[in-house]
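One structure below.
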Amino acid sequence: MADFERTPGGAVLMDGNRLRDEIVVRLRDEIESLGSPAVCLATVLVGSDKPSQIYVRMKHRKAEEAGMVSRQVELPEDTSQQQVEQAVAELVADPSVHGILVQLPLPEHLDAEPVLALVPPEKDVDGLTERSMGRLVRGIPGHVPCTPLGVMRLLERYGVETSRRRAVVVGRSTLVGLPQLLLLGRKGIDTTVTLAHSRTADMVAVCREADILVAAAGQAHMITADHVKPGAAVIDVGVSRTEDGIVGDVDFDAVESIAGAITPMPGGTGPMTIGCLLENTMSAARMLGAA
């Protein structure tokens, strides 16, 4: 790890922006080497939620940098359930579209589950449908949820050893915590994984056992110096909006001199979510015979 950038306290800084851009360059080179086929990512954005708009714009910008075709479907706040489902169904039926992402959350009057259920596993580049999750559990080829996959890419890129190590995932959401548990326990990764949550007794002691600590609970600065085993890799996935702006689950300033490696917030797992979305889109094009 000697060549990596480090924090003031000496931890390896796991830079998600840098790795995302490396992925973008790799995908662009791969697409060009194949003769520049039209690999298409389509997004569906309903309403005017500002963070969602910013995030979708970033996804399309990076897709275009990777040499992909980018299609965006924008629908007004008062769009009906039937209209949203129709828009998604049209993308599903379009053979020129390889990856479909429905930006969540949807407005409160809409039910996301039947919308997501329309997306076939091959085009579910967010990896969020029940069929994609089932494939992950069963070890069947499919698309892994982007944020947990991004965590794995960071561990690999920054030389964090996983085999025979102990990992703790804090948070049990279906978006991050549960798929992260499965990925860390996979054969070939071989960590011994503990899932911690709001009912975990003695959270500090549980976290201090971890060689790899993934914080994904959405509780601002809940992971302090007391939670971190010296030399551990600490990955911050949580996002909380506070009076001081957006912060993560990890108190970075308190932890960076104890950890062996750590993600910044922002600039850690967030960019990797986009990088892995593009990876999944390329895989989708391959599954559908377009690349």
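Ordering of the structure tokens sets the chain letters (A, B, ...); residue numbers start at 1 within each chain; ligands are numbered from 1 in the order shown.
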message = Residues near Ala215 of chain A, anyone? I mean within 7 Å using only C-alpha atoms, not counting same-chain ones fewer than 2 positions away, as a VMD selection string.
response = chain A and resid 169 to 171 213 217 235 to 238 249
Keeping N, CA and C atoms, export the residues of the selection given above as a CSV table (one decimal), in the first residue's frame.
```csv
chain,number,residue,atom,x,y,z
A,169,VAL,N,-20.6,-5.6,8.9
A,169,VAL,CA,-21.4,-4.7,8.2
A,169,VAL,C,-22.5,-4.1,9.1
A,170,VAL,N,-22.5,-2.8,9.3
A,170,VAL,CA,-23.4,-2.2,10.2
A,170,VAL,C,-24.6,-1.6,9.3
A,171,GLY,N,-25.8,-2.2,9.5
A,171,GLY,CA,-26.9,-1.8,8.7
A,171,GLY,C,-27.4,-3.0,7.9
A,213,LEU,N,-14.6,-2.9,8.2
A,213,LEU,CA,-15.8,-2.4,8.8
A,213,LEU,C,-16.6,-1.6,7.8
A,217,ALA,N,-25.5,2.4,8.0
A,217,ALA,CA,-26.8,2.5,8.8
A,217,ALA,C,-27.5,3.8,8.5
A,235,ILE,N,-15.0,1.5,5.6
A,235,ILE,CA,-15.7,1.9,4.4
A,235,ILE,C,-17.0,2.6,4.9
A,236,ASP,N,-17.2,3.9,4.5
A,236,ASP,CA,-18.4,4.7,4.9
A,236,ASP,C,-19.4,4.7,3.8
A,237,VAL,N,-20.5,4.1,4.0
A,237,VAL,CA,-21.6,4.1,2.9
A,237,VAL,C,-22.7,5.0,3.3
A,238,GLY,N,-22.9,5.3,4.6
A,238,GLY,CA,-24.0,6.0,5.1
A,238,GLY,C,-24.0,7.5,4.6
A,249,ASP,N,-21.5,7.9,8.0
A,249,ASP,CA,-21.7,7.2,9.3
A,249,ASP,C,-20.4,7.2,10.1
```
I'd like the contact shell of Leu45 of chain A - 12 Å cut-off, only C-alpha atoms, skipping same-chain residues fewer than 4 positions apart - returned as a PDB file with all heavy atoms, in the first residue's frame.
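Result file is result-v7.pdb:
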```pdb
ATOM      1  N   ASP A  49     -37.111  16.053  -7.388  1.00  0.00           N
ATOM      2  CA  ASP A  49     -36.201  15.934  -6.253  1.00  0.00           C
ATOM      3  C   ASP A  49     -34.791  16.323  -6.690  1.00  0.00           C
ATOM      4  O   ASP A  49     -34.207  15.702  -7.582  1.00  0.00           O
ATOM      5  CB  ASP A  49     -36.225  14.497  -5.723  1.00  0.00           C
ATOM      6  CG  ASP A  49     -35.279  14.296  -4.546  1.00  0.00           C
ATOM      7  OD1 ASP A  49     -35.551  14.865  -3.480  1.00  0.00           O
ATOM      8  OD2 ASP A  49     -34.270  13.576  -4.711  1.00  0.00           O
ATOM      9  N   LYS A  50     -34.238  17.372  -6.063  1.00  0.00           N
ATOM     10  CA  LYS A  50     -32.954  17.931  -6.512  1.00  0.00           C
ATOM     11  C   LYS A  50     -31.799  16.940  -6.418  1.00  0.00           C
ATOM     12  O   LYS A  50     -31.037  16.780  -7.367  1.00  0.00           O
ATOM     13  CB  LYS A  50     -32.626  19.201  -5.713  1.00  0.00           C
ATOM     14  CG  LYS A  50     -33.463  20.408  -6.105  1.00  0.00           C
ATOM     15  CD  LYS A  50     -33.157  20.847  -7.533  1.00  0.00           C
ATOM     16  CE  LYS A  50     -33.980  22.085  -7.885  1.00  0.00           C
ATOM     17  NZ  LYS A  50     -33.901  22.399  -9.336  1.00  0.00           N
ATOM     18  N   PRO A  51     -31.609  16.226  -5.264  1.00  0.00           N
ATOM     19  CA  PRO A  51     -30.512  15.259  -5.212  1.00  0.00           C
ATOM     20  C   PRO A  51     -30.621  14.190  -6.300  1.00  0.00           C
ATOM     21  O   PRO A  51     -29.613  13.791  -6.894  1.00  0.00           O
ATOM     22  CB  PRO A  51     -30.636  14.655  -3.811  1.00  0.00           C
ATOM     23  CG  PRO A  51     -31.307  15.708  -3.002  1.00  0.00           C
ATOM     24  CD  PRO A  51     -32.264  16.363  -3.948  1.00  0.00           C
ATOM     25  N   SER A  52     -31.860  13.736  -6.576  1.00  0.00           N
ATOM     26  CA  SER A  52     -32.049  12.723  -7.623  1.00  0.00           C
ATOM     27  C   SER A  52     -31.673  13.280  -8.998  1.00  0.00           C
ATOM     28  O   SER A  52     -31.039  12.601  -9.806  1.00  0.00           O
ATOM     29  CB  SER A  52     -33.502  12.239  -7.645  1.00  0.00           C
ATOM     30  OG  SER A  52     -33.799  11.489  -6.488  1.00  0.00           O
ATOM     31  N   GLN A  53     -32.066  14.539  -9.258  1.00  0.00           N
ATOM     32  CA  GLN A  53     -31.725  15.150 -10.543  1.00  0.00           C
ATOM     33  C   GLN A  53     -30.212  15.258 -10.722  1.00  0.00           C
ATOM     34  O   GLN A  53     -29.674  14.951 -11.791  1.00  0.00           O
ATOM     35  CB  GLN A  53     -32.367  16.541 -10.641  1.00  0.00           C
ATOM     36  CG  GLN A  53     -33.883  16.514 -10.800  1.00  0.00           C
ATOM     37  CD  GLN A  53     -34.477  17.907 -10.861  1.00  0.00           C
ATOM     38  OE1 GLN A  53     -33.927  18.852 -10.304  1.00  0.00           O
ATOM     39  NE2 GLN A  53     -35.612  18.040 -11.525  1.00  0.00           N
ATOM     40  N   ILE A  54     -29.515  15.694  -9.659  1.00  0.00           N
ATOM     41  CA  ILE A  54     -28.061  15.831  -9.725  1.00  0.00           C
ATOM     42  C   ILE A  54     -27.412  14.475  -9.958  1.00  0.00           C
ATOM     43  O   ILE A  54     -26.506  14.334 -10.791  1.00  0.00           O
ATOM     44  CB  ILE A  54     -27.534  16.472  -8.421  1.00  0.00           C
ATOM     45  CG1 ILE A  54     -27.999  17.930  -8.331  1.00  0.00           C
ATOM     46  CG2 ILE A  54     -26.009  16.385  -8.346  1.00  0.00           C
ATOM     47  CD1 ILE A  54     -27.782  18.559  -6.969  1.00  0.00           C
ATOM     48  N   TYR A  55     -27.908  13.463  -9.240  1.00  0.00           N
ATOM     49  CA  TYR A  55     -27.326  12.133  -9.339  1.00  0.00           C
ATOM     50  C   TYR A  55     -27.522  11.535 -10.731  1.00  0.00           C
ATOM     51  O   TYR A  55     -26.603  10.950 -11.311  1.00  0.00           O
ATOM     52  CB  TYR A  55     -27.940  11.251  -8.257  1.00  0.00           C
ATOM     53  CG  TYR A  55     -27.110  10.046  -7.895  1.00  0.00           C
ATOM     54  CD1 TYR A  55     -25.735  10.135  -7.744  1.00  0.00           C
ATOM     55  CD2 TYR A  55     -27.705   8.802  -7.692  1.00  0.00           C
ATOM     56  CE1 TYR A  55     -24.973   9.035  -7.407  1.00  0.00           C
ATOM     57  CE2 TYR A  55     -26.953   7.694  -7.346  1.00  0.00           C
ATOM     58  CZ  TYR A  55     -25.582   7.823  -7.214  1.00  0.00           C
ATOM     59  OH  TYR A  55     -24.828   6.733  -6.882  1.00  0.00           O
ATOM     60  N   VAL A  56     -28.724  11.724 -11.282  1.00  0.00           N
ATOM     61  CA  VAL A  56     -29.001  11.193 -12.618  1.00  0.00           C
ATOM     62  C   VAL A  56     -28.137  11.895 -13.664  1.00  0.00           C
ATOM     63  O   VAL A  56     -27.605  11.255 -14.584  1.00  0.00           O
ATOM     64  CB  VAL A  56     -30.507  11.320 -12.948  1.00  0.00           C
ATOM     65  CG1 VAL A  56     -30.762  11.099 -14.445  1.00  0.00           C
ATOM     66  CG2 VAL A  56     -31.306  10.301 -12.146  1.00  0.00           C
ATOM     67  N   ARG A  57     -27.980  13.213 -13.527  1.00  0.00           N
ATOM     68  CA  ARG A  57     -27.123  13.938 -14.466  1.00  0.00           C
ATOM     69  C   ARG A  57     -25.695  13.399 -14.434  1.00  0.00           C
ATOM     70  O   ARG A  57     -25.042  13.242 -15.465  1.00  0.00           O
ATOM     71  CB  ARG A  57     -27.125  15.443 -14.144  1.00  0.00           C
ATOM     72  CG  ARG A  57     -28.293  16.203 -14.744  1.00  0.00           C
ATOM     73  CD  ARG A  57     -27.998  17.688 -14.843  1.00  0.00           C
ATOM     74  NE  ARG A  57     -27.671  18.301 -13.564  1.00  0.00           N
ATOM     75  CZ  ARG A  57     -28.563  18.794 -12.706  1.00  0.00           C
ATOM     76  NH1 ARG A  57     -29.865  18.737 -13.000  1.00  0.00           N
ATOM     77  NH2 ARG A  57     -28.180  19.358 -11.576  1.00  0.00           N
ATOM     78  N   ARG A  71     -29.799   7.555 -22.357  1.00  0.00           N
ATOM     79  CA  ARG A  71     -31.183   7.969 -22.596  1.00  0.00           C
ATOM     80  C   ARG A  71     -31.854   8.289 -21.267  1.00  0.00           C
ATOM     81  O   ARG A  71     -31.756   7.505 -20.328  1.00  0.00           O
ATOM     82  CB  ARG A  71     -31.963   6.864 -23.315  1.00  0.00           C
ATOM     83  CG  ARG A  71     -33.377   7.311 -23.690  1.00  0.00           C
ATOM     84  CD  ARG A  71     -34.208   6.180 -24.265  1.00  0.00           C
ATOM     85  NE  ARG A  71     -33.626   5.593 -25.466  1.00  0.00           N
ATOM     86  CZ  ARG A  71     -34.237   4.669 -26.197  1.00  0.00           C
ATOM     87  NH1 ARG A  71     -35.430   4.214 -25.820  1.00  0.00           N
ATOM     88  NH2 ARG A  71     -33.651   4.177 -27.260  1.00  0.00           N
ATOM     89  N   GLN A  72     -32.520   9.421 -21.203  1.00  0.00           N
ATOM     90  CA  GLN A  72     -33.166   9.821 -19.954  1.00  0.00           C
ATOM     91  C   GLN A  72     -34.650  10.058 -20.191  1.00  0.00           C
ATOM     92  O   GLN A  72     -35.028  10.827 -21.071  1.00  0.00           O
ATOM     93  CB  GLN A  72     -32.521  11.092 -19.388  1.00  0.00           C
ATOM     94  CG  GLN A  72     -33.108  11.496 -18.044  1.00  0.00           C
ATOM     95  CD  GLN A  72     -32.274  12.576 -17.363  1.00  0.00           C
ATOM     96  OE1 GLN A  72     -31.136  12.814 -17.735  1.00  0.00           O
ATOM     97  NE2 GLN A  72     -32.851  13.226 -16.376  1.00  0.00           N
ATOM     98  N   VAL A  73     -35.482   9.385 -19.392  1.00  0.00           N
ATOM     99  CA  VAL A  73     -36.924   9.600 -19.404  1.00  0.00           C
ATOM    100  C   VAL A  73     -37.277  10.397 -18.154  1.00  0.00           C
ATOM    101  O   VAL A  73     -37.056   9.936 -17.033  1.00  0.00           O
ATOM    102  CB  VAL A  73     -37.691   8.256 -19.419  1.00  0.00           C
ATOM    103  CG1 VAL A  73     -39.192   8.497 -19.355  1.00  0.00           C
ATOM    104  CG2 VAL A  73     -37.317   7.452 -20.657  1.00  0.00           C
ATOM    105  N   GLU A  74     -37.794  11.601 -18.339  1.00  0.00           N
ATOM    106  CA  GLU A  74     -38.192  12.449 -17.212  1.00  0.00           C
ATOM    107  C   GLU A  74     -39.702  12.599 -17.208  1.00  0.00           C
ATOM    108  O   GLU A  74     -40.298  12.933 -18.229  1.00  0.00           O
ATOM    109  CB  GLU A  74     -37.523  13.822 -17.310  1.00  0.00           C
ATOM    110  CG  GLU A  74     -36.028  13.797 -17.110  1.00  0.00           C
ATOM    111  CD  GLU A  74     -35.448  15.186 -16.912  1.00  0.00           C
ATOM    112  OE1 GLU A  74     -36.044  15.978 -16.158  1.00  0.00           O
ATOM    113  OE2 GLU A  74     -34.401  15.472 -17.517  1.00  0.00           O
ATOM    114  N   LEU A  75     -40.304  12.357 -16.058  1.00  0.00           N
ATOM    115  CA  LEU A  75     -41.750  12.426 -15.908  1.00  0.00           C
ATOM    116  C   LEU A  75     -42.094  13.413 -14.794  1.00  0.00           C
ATOM    117  O   LEU A  75     -41.368  13.512 -13.799  1.00  0.00           O
ATOM    118  CB  LEU A  75     -42.321  11.047 -15.568  1.00  0.00           C
ATOM    119  CG  LEU A  75     -42.048   9.949 -16.608  1.00  0.00           C
ATOM    120  CD1 LEU A  75     -42.439   8.586 -16.055  1.00  0.00           C
ATOM    121  CD2 LEU A  75     -42.790  10.234 -17.906  1.00  0.00           C
ATOM    122  N   PRO A  76     -43.233  14.136 -14.911  1.00  0.00           N
ATOM    123  CA  PRO A  76     -43.583  15.128 -13.888  1.00  0.00           C
ATOM    124  C   PRO A  76     -44.004  14.491 -12.564  1.00  0.00           C
ATOM    125  O   PRO A  76     -44.306  13.292 -12.497  1.00  0.00           O
ATOM    126  CB  PRO A  76     -44.744  15.901 -14.519  1.00  0.00           C
ATOM    127  CG  PRO A  76     -45.312  14.976 -15.548  1.00  0.00           C
ATOM    128  CD  PRO A  76     -44.168  14.149 -16.046  1.00  0.00           C
ATOM    129  N   GLU A  77     -43.989  15.295 -11.528  1.00  0.00           N
ATOM    130  CA  GLU A  77     -44.294  14.849 -10.166  1.00  0.00           C
ATOM    131  C   GLU A  77     -45.633  14.132 -10.073  1.00  0.00           C
ATOM    132  O   GLU A  77     -45.791  13.169  -9.320  1.00  0.00           O
ATOM    133  CB  GLU A  77     -44.303  16.063  -9.229  1.00  0.00           C
ATOM    134  CG  GLU A  77     -44.415  15.731  -7.751  1.00  0.00           C
ATOM    135  CD  GLU A  77     -43.077  15.380  -7.130  1.00  0.00           C
ATOM    136  OE1 GLU A  77     -42.038  15.777  -7.673  1.00  0.00           O
ATOM    137  OE2 GLU A  77     -43.095  14.701  -6.088  1.00  0.00           O
ATOM    138  N   THR A  79     -47.204  12.287 -12.212  1.00  0.00           N
ATOM    139  CA  THR A  79     -47.348  11.124 -13.094  1.00  0.00           C
ATOM    140  C   THR A  79     -48.030   9.985 -12.349  1.00  0.00           C
ATOM    141  O   THR A  79     -47.741   9.721 -11.178  1.00  0.00           O
ATOM    142  CB  THR A  79     -45.967  10.666 -13.600  1.00  0.00           C
ATOM    143  OG1 THR A  79     -45.368  11.723 -14.335  1.00  0.00           O
ATOM    144  CG2 THR A  79     -46.085   9.448 -14.493  1.00  0.00           C
ATOM    145  N   VAL A  84     -45.984   5.631 -15.193  1.00  0.00           N
ATOM    146  CA  VAL A  84     -44.604   5.242 -14.878  1.00  0.00           C
ATOM    147  C   VAL A  84     -44.345   3.822 -15.367  1.00  0.00           C
ATOM    148  O   VAL A  84     -43.316   3.538 -15.998  1.00  0.00           O
ATOM    149  CB  VAL A  84     -44.325   5.348 -13.360  1.00  0.00           C
ATOM    150  CG1 VAL A  84     -42.918   4.848 -13.037  1.00  0.00           C
ATOM    151  CG2 VAL A  84     -44.482   6.776 -12.879  1.00  0.00           C
ATOM    152  N   ALA A  87     -43.903   3.729 -19.093  1.00  0.00           N
ATOM    153  CA  ALA A  87     -42.592   4.241 -19.529  1.00  0.00           C
ATOM    154  C   ALA A  87     -41.514   3.176 -19.347  1.00  0.00           C
ATOM    155  O   ALA A  87     -40.651   2.991 -20.225  1.00  0.00           O
ATOM    156  CB  ALA A  87     -42.240   5.504 -18.746  1.00  0.00           C
ATOM    157  N   VAL A  88     -41.543   2.471 -18.224  1.00  0.00           N
ATOM    158  CA  VAL A  88     -40.558   1.420 -17.970  1.00  0.00           C
ATOM    159  C   VAL A  88     -40.776   0.255 -18.934  1.00  0.00           C
ATOM    160  O   VAL A  88     -39.815  -0.297 -19.486  1.00  0.00           O
ATOM    161  CB  VAL A  88     -40.627   0.956 -16.503  1.00  0.00           C
ATOM    162  CG1 VAL A  88     -39.738  -0.271 -16.285  1.00  0.00           C
ATOM    163  CG2 VAL A  88     -40.210   2.085 -15.575  1.00  0.00           C
ATOM    164  N   ILE A 100     -31.497  -0.506 -17.520  1.00  0.00           N
ATOM    165  CA  ILE A 100     -32.580   0.378 -17.084  1.00  0.00           C
ATOM    166  C   ILE A 100     -32.406   0.660 -15.599  1.00  0.00           C
ATOM    167  O   ILE A 100     -32.239  -0.263 -14.792  1.00  0.00           O
ATOM    168  CB  ILE A 100     -33.968  -0.257 -17.327  1.00  0.00           C
ATOM    169  CG1 ILE A 100     -34.184  -0.537 -18.808  1.00  0.00           C
ATOM    170  CG2 ILE A 100     -35.081   0.648 -16.782  1.00  0.00           C
ATOM    171  CD1 ILE A 100     -35.427  -1.365 -19.105  1.00  0.00           C
ATOM    172  N   LEU A 101     -32.449   1.936 -15.244  1.00  0.00           N
ATOM    173  CA  LEU A 101     -32.379   2.337 -13.848  1.00  0.00           C
ATOM    174  C   LEU A 101     -33.561   3.257 -13.535  1.00  0.00           C
ATOM    175  O   LEU A 101     -33.735   4.286 -14.200  1.00  0.00           O
ATOM    176  CB  LEU A 101     -31.062   3.071 -13.564  1.00  0.00           C
ATOM    177  CG  LEU A 101     -30.854   3.550 -12.129  1.00  0.00           C
ATOM    178  CD1 LEU A 101     -29.383   3.429 -11.748  1.00  0.00           C
ATOM    179  CD2 LEU A 101     -31.300   5.003 -11.958  1.00  0.00           C
ATOM    180  N   VAL A 102     -34.373   2.857 -12.565  1.00  0.00           N
ATOM    181  CA  VAL A 102     -35.451   3.709 -12.075  1.00  0.00           C
ATOM    182  C   VAL A 102     -34.923   4.443 -10.850  1.00  0.00           C
ATOM    183  O   VAL A 102     -34.597   3.819  -9.837  1.00  0.00           O
ATOM    184  CB  VAL A 102     -36.700   2.887 -11.706  1.00  0.00           C
ATOM    185  CG1 VAL A 102     -37.807   3.801 -11.177  1.00  0.00           C
ATOM    186  CG2 VAL A 102     -37.197   2.096 -12.918  1.00  0.00           C
ATOM    187  N   GLN A 103     -34.785   5.765 -10.947  1.00  0.00           N
ATOM    188  CA  GLN A 103     -34.204   6.538  -9.848  1.00  0.00           C
ATOM    189  C   GLN A 103     -35.162   6.569  -8.655  1.00  0.00           C
ATOM    190  O   GLN A 103     -36.305   6.994  -8.780  1.00  0.00           O
ATOM    191  CB  GLN A 103     -33.886   7.963 -10.310  1.00  0.00           C
ATOM    192  CG  GLN A 103     -33.200   8.818  -9.258  1.00  0.00           C
ATOM    193  CD  GLN A 103     -31.818   8.304  -8.867  1.00  0.00           C
ATOM    194  OE1 GLN A 103     -31.066   7.829  -9.710  1.00  0.00           O
ATOM    195  NE2 GLN A 103     -31.485   8.403  -7.605  1.00  0.00           N
ATOM    196  N   LEU A 104     -34.661   6.120  -7.524  1.00  0.00           N
ATOM    197  CA  LEU A 104     -35.439   6.124  -6.288  1.00  0.00           C
ATOM    198  C   LEU A 104     -34.931   7.227  -5.373  1.00  0.00           C
ATOM    199  O   LEU A 104     -33.763   7.619  -5.456  1.00  0.00           O
ATOM    200  CB  LEU A 104     -35.323   4.757  -5.600  1.00  0.00           C
ATOM    201  CG  LEU A 104     -35.789   3.553  -6.422  1.00  0.00           C
ATOM    202  CD1 LEU A 104     -35.556   2.259  -5.640  1.00  0.00           C
ATOM    203  CD2 LEU A 104     -37.257   3.682  -6.818  1.00  0.00           C
ATOM    204  N   PRO A 105     -35.781   7.763  -4.474  1.00  0.00           N
ATOM    205  CA  PRO A 105     -37.170   7.370  -4.259  1.00  0.00           C
ATOM    206  C   PRO A 105     -38.108   7.974  -5.301  1.00  0.00           C
ATOM    207  O   PRO A 105     -37.835   9.048  -5.833  1.00  0.00           O
ATOM    208  CB  PRO A 105     -37.467   7.947  -2.872  1.00  0.00           C
ATOM    209  CG  PRO A 105     -36.604   9.169  -2.794  1.00  0.00           C
ATOM    210  CD  PRO A 105     -35.345   8.814  -3.530  1.00  0.00           C
ATOM    211  N   LEU A 106     -39.208   7.272  -5.564  1.00  0.00           N
ATOM    212  CA  LEU A 106     -40.283   7.819  -6.370  1.00  0.00           C
ATOM    213  C   LEU A 106     -41.145   8.733  -5.487  1.00  0.00           C
ATOM    214  O   LEU A 106     -41.122   8.618  -4.262  1.00  0.00           O
ATOM    215  CB  LEU A 106     -41.147   6.690  -6.937  1.00  0.00           C
ATOM    216  CG  LEU A 106     -40.486   5.740  -7.933  1.00  0.00           C
ATOM    217  CD1 LEU A 106     -41.440   4.616  -8.310  1.00  0.00           C
ATOM    218  CD2 LEU A 106     -40.030   6.484  -9.179  1.00  0.00           C
ATOM    219  N   PRO A 107     -41.918   9.641  -6.084  1.00  0.00           N
ATOM    220  CA  PRO A 107     -42.862  10.441  -5.288  1.00  0.00           C
ATOM    221  C   PRO A 107     -43.774   9.552  -4.438  1.00  0.00           C
ATOM    222  O   PRO A 107     -44.041   8.393  -4.794  1.00  0.00           O
ATOM    223  CB  PRO A 107     -43.652  11.199  -6.356  1.00  0.00           C
ATOM    224  CG  PRO A 107     -42.702  11.315  -7.512  1.00  0.00           C
ATOM    225  CD  PRO A 107     -41.920  10.029  -7.509  1.00  0.00           C
TER     226      PRO A 107
END
```
ask   = Quick one: of A:Lys123, A:Arg241, A:Arg20, A:Arg157, who's nearest to Gln219 of chain A, counting only C-alpha atoms?
value =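 Residue with the minimum atom-to-atom distance to Gln219 of chain A: A:Arg241.
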task = Tell me which protein, DNA and RNA residues are within 12 Å of segment 147-150 of chain A, counting only C-alpha atoms, leaving out same-chain ones fewer than 6 positions away, and put them as a PyMOL selection string.
result = chain A and resi 14-17+19-20+23+125-128+136+156-157+169+173-184+214-216+235-238+263+268-280
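For Thr192 of chain A, the list of residues within 7 Å, based on only C-alpha atoms and with local chain neighbours fewer than 4 positions off taken out, reads Arg164, Arg165, Arg166, Ala167 and Gly185 of chain A.
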Would you mind exporting all heavy atoms of the selected residues as an mmCIF file, in the first residue's frame?
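Generated file (out31.cif):
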```cif
data_model
loop_
_atom_site.group_PDB
_atom_site.id
_atom_site.type_symbol
_atom_site.label_atom_id
_atom_site.label_comp_id
_atom_site.auth_asym_id
_atom_site.auth_seq_id
_atom_site.Cartn_x
_atom_site.Cartn_y
_atom_site.Cartn_z
ATOM 1 N N ARG A 164 -9.727 -14.949 5.182
ATOM 2 C CA ARG A 164 -9.484 -15.256 6.591
ATOM 3 C C ARG A 164 -9.580 -14.033 7.503
ATOM 4 O O ARG A 164 -9.155 -14.068 8.651
ATOM 5 C CB ARG A 164 -8.124 -15.940 6.781
ATOM 6 C CG ARG A 164 -7.980 -17.243 6.010
ATOM 7 C CD ARG A 164 -6.604 -17.844 6.211
ATOM 8 N NE ARG A 164 -6.439 -19.044 5.413
ATOM 9 C CZ ARG A 164 -6.781 -20.274 5.796
ATOM 10 N NH1 ARG A 164 -7.313 -20.458 6.988
ATOM 11 N NH2 ARG A 164 -6.580 -21.297 5.000
ATOM 12 N N ARG A 165 -10.145 -12.945 6.985
ATOM 13 C CA ARG A 165 -10.339 -11.753 7.801
ATOM 14 C C ARG A 165 -11.770 -11.691 8.316
ATOM 15 O O ARG A 165 -12.670 -12.326 7.778
ATOM 16 C CB ARG A 165 -10.028 -10.484 6.998
ATOM 17 C CG ARG A 165 -8.602 -10.384 6.489
ATOM 18 C CD ARG A 165 -7.601 -10.362 7.633
ATOM 19 N NE ARG A 165 -6.279 -9.914 7.213
ATOM 20 C CZ ARG A 165 -5.304 -10.710 6.808
ATOM 21 N NH1 ARG A 165 -5.503 -12.018 6.730
ATOM 22 N NH2 ARG A 165 -4.131 -10.219 6.460
ATOM 23 N N ARG A 166 -11.964 -10.882 9.350
ATOM 24 C CA ARG A 166 -13.305 -10.678 9.908
ATOM 25 C C ARG A 166 -13.865 -9.360 9.390
ATOM 26 O O ARG A 166 -13.169 -8.331 9.390
ATOM 27 C CB ARG A 166 -13.269 -10.655 11.439
ATOM 28 C CG ARG A 166 -12.857 -11.983 12.059
ATOM 29 C CD ARG A 166 -12.985 -11.938 13.573
ATOM 30 N NE ARG A 166 -14.381 -11.844 13.995
ATOM 31 C CZ ARG A 166 -15.195 -12.886 14.183
ATOM 32 N NH1 ARG A 166 -14.741 -14.118 13.977
ATOM 33 N NH2 ARG A 166 -16.430 -12.714 14.576
ATOM 34 N N ALA A 167 -15.115 -9.391 8.945
ATOM 35 C CA ALA A 167 -15.790 -8.185 8.467
ATOM 36 C C ALA A 167 -17.061 -7.960 9.287
ATOM 37 O O ALA A 167 -17.728 -8.922 9.687
ATOM 38 C CB ALA A 167 -16.148 -8.315 6.989
ATOM 39 N N GLY A 185 -18.986 -12.619 2.062
ATOM 40 C CA GLY A 185 -18.896 -14.024 2.429
ATOM 41 C C GLY A 185 -18.723 -14.977 1.265
ATOM 42 O O GLY A 185 -18.600 -16.188 1.463
#
```
inquiry  = as a ChimeraX atom specification, please: the residues near Ser257 of chain A (cut-off 8 Å, only C-alpha atoms, same-chain neighbours under 6 positions excluded).
reply    = /A:7-11
Take the residues from that selection and put them in a file with N, CA and C atoms, as a PDB file, in the first residue's frame.
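Below is the file again26.pdb, written as the result:
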```
ATOM      1  N   THR A   7      -4.021   9.596   4.470  1.00  0.00           N
ATOM      2  CA  THR A   7      -4.597  10.658   5.284  1.00  0.00           C
ATOM      3  C   THR A   7      -3.500  11.265   6.165  1.00  0.00           C
ATOM      4  N   PRO A   8      -3.766  12.412   6.792  1.00  0.00           N
ATOM      5  CA  PRO A   8      -2.772  12.982   7.709  1.00  0.00           C
ATOM      6  C   PRO A   8      -2.342  12.009   8.811  1.00  0.00           C
ATOM      7  N   GLY A   9      -3.260  11.114   9.217  1.00  0.00           N
ATOM      8  CA  GLY A   9      -2.936  10.150  10.261  1.00  0.00           C
ATOM      9  C   GLY A   9      -2.272   8.889   9.756  1.00  0.00           C
ATOM     10  N   GLY A  10      -2.102   8.752   8.441  1.00  0.00           N
ATOM     11  CA  GLY A  10      -1.357   7.626   7.884  1.00  0.00           C
ATOM     12  C   GLY A  10      -2.175   6.521   7.251  1.00  0.00           C
ATOM     13  N   ALA A  11      -3.514   6.606   7.272  1.00  0.00           N
ATOM     14  CA  ALA A  11      -4.337   5.567   6.653  1.00  0.00           C
ATOM     15  C   ALA A  11      -4.325   5.713   5.132  1.00  0.00           C
TER      16      ALA A  11
END
```
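Backbone DSSP over segment 148-241 of chain A gives alpha helix (DSSP H) for Pro148, Leu149, Gly150, Val151, Met152, Arg153, Leu154, Leu155, Glu156, Arg157, Gly177, Leu178, Pro179, Gln180, Leu181, Leu182, Leu183, Leu184, Met203, Val204, Ala205, Val206 and Cys207 of chain A.
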inquiry  = Please list as an NGL selection string every residue within 10 Å of Glu64 of chain A, counting only C-alpha atoms and excluding residues in the same chain fewer than 6 positions away.
reply    = :A and (24 or 28 or 40-41 or 58 or 70)
Output the selection as a tab-separated table (two decimals), in the first residue's frame - N, CA and C atoms for each residue.
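And here is the file that came out, out.tsv:
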```tsv
chain	number	residue	atom	x	y	z
A	24	VAL	N	-14.21	4.19	-15.85
A	24	VAL	CA	-14.73	4.86	-17.04
A	24	VAL	C	-13.76	4.72	-18.20
A	28	ARG	N	-14.40	2.66	-21.68
A	28	ARG	CA	-14.31	3.36	-22.97
A	28	ARG	C	-13.36	2.62	-23.90
A	40	CYS	N	-26.33	1.04	-24.29
A	40	CYS	CA	-27.28	2.07	-23.87
A	40	CYS	C	-27.74	1.90	-22.43
A	41	LEU	N	-27.58	2.98	-21.64
A	41	LEU	CA	-28.13	3.08	-20.29
A	41	LEU	C	-29.32	4.05	-20.33
A	58	MET	N	-25.19	13.14	-13.23
A	58	MET	CA	-23.83	12.60	-13.10
A	58	MET	C	-23.72	11.22	-13.75
A	70	SER	N	-26.70	7.33	-23.85
A	70	SER	CA	-27.39	7.71	-22.63
A	70	SER	C	-28.81	8.18	-22.98
```
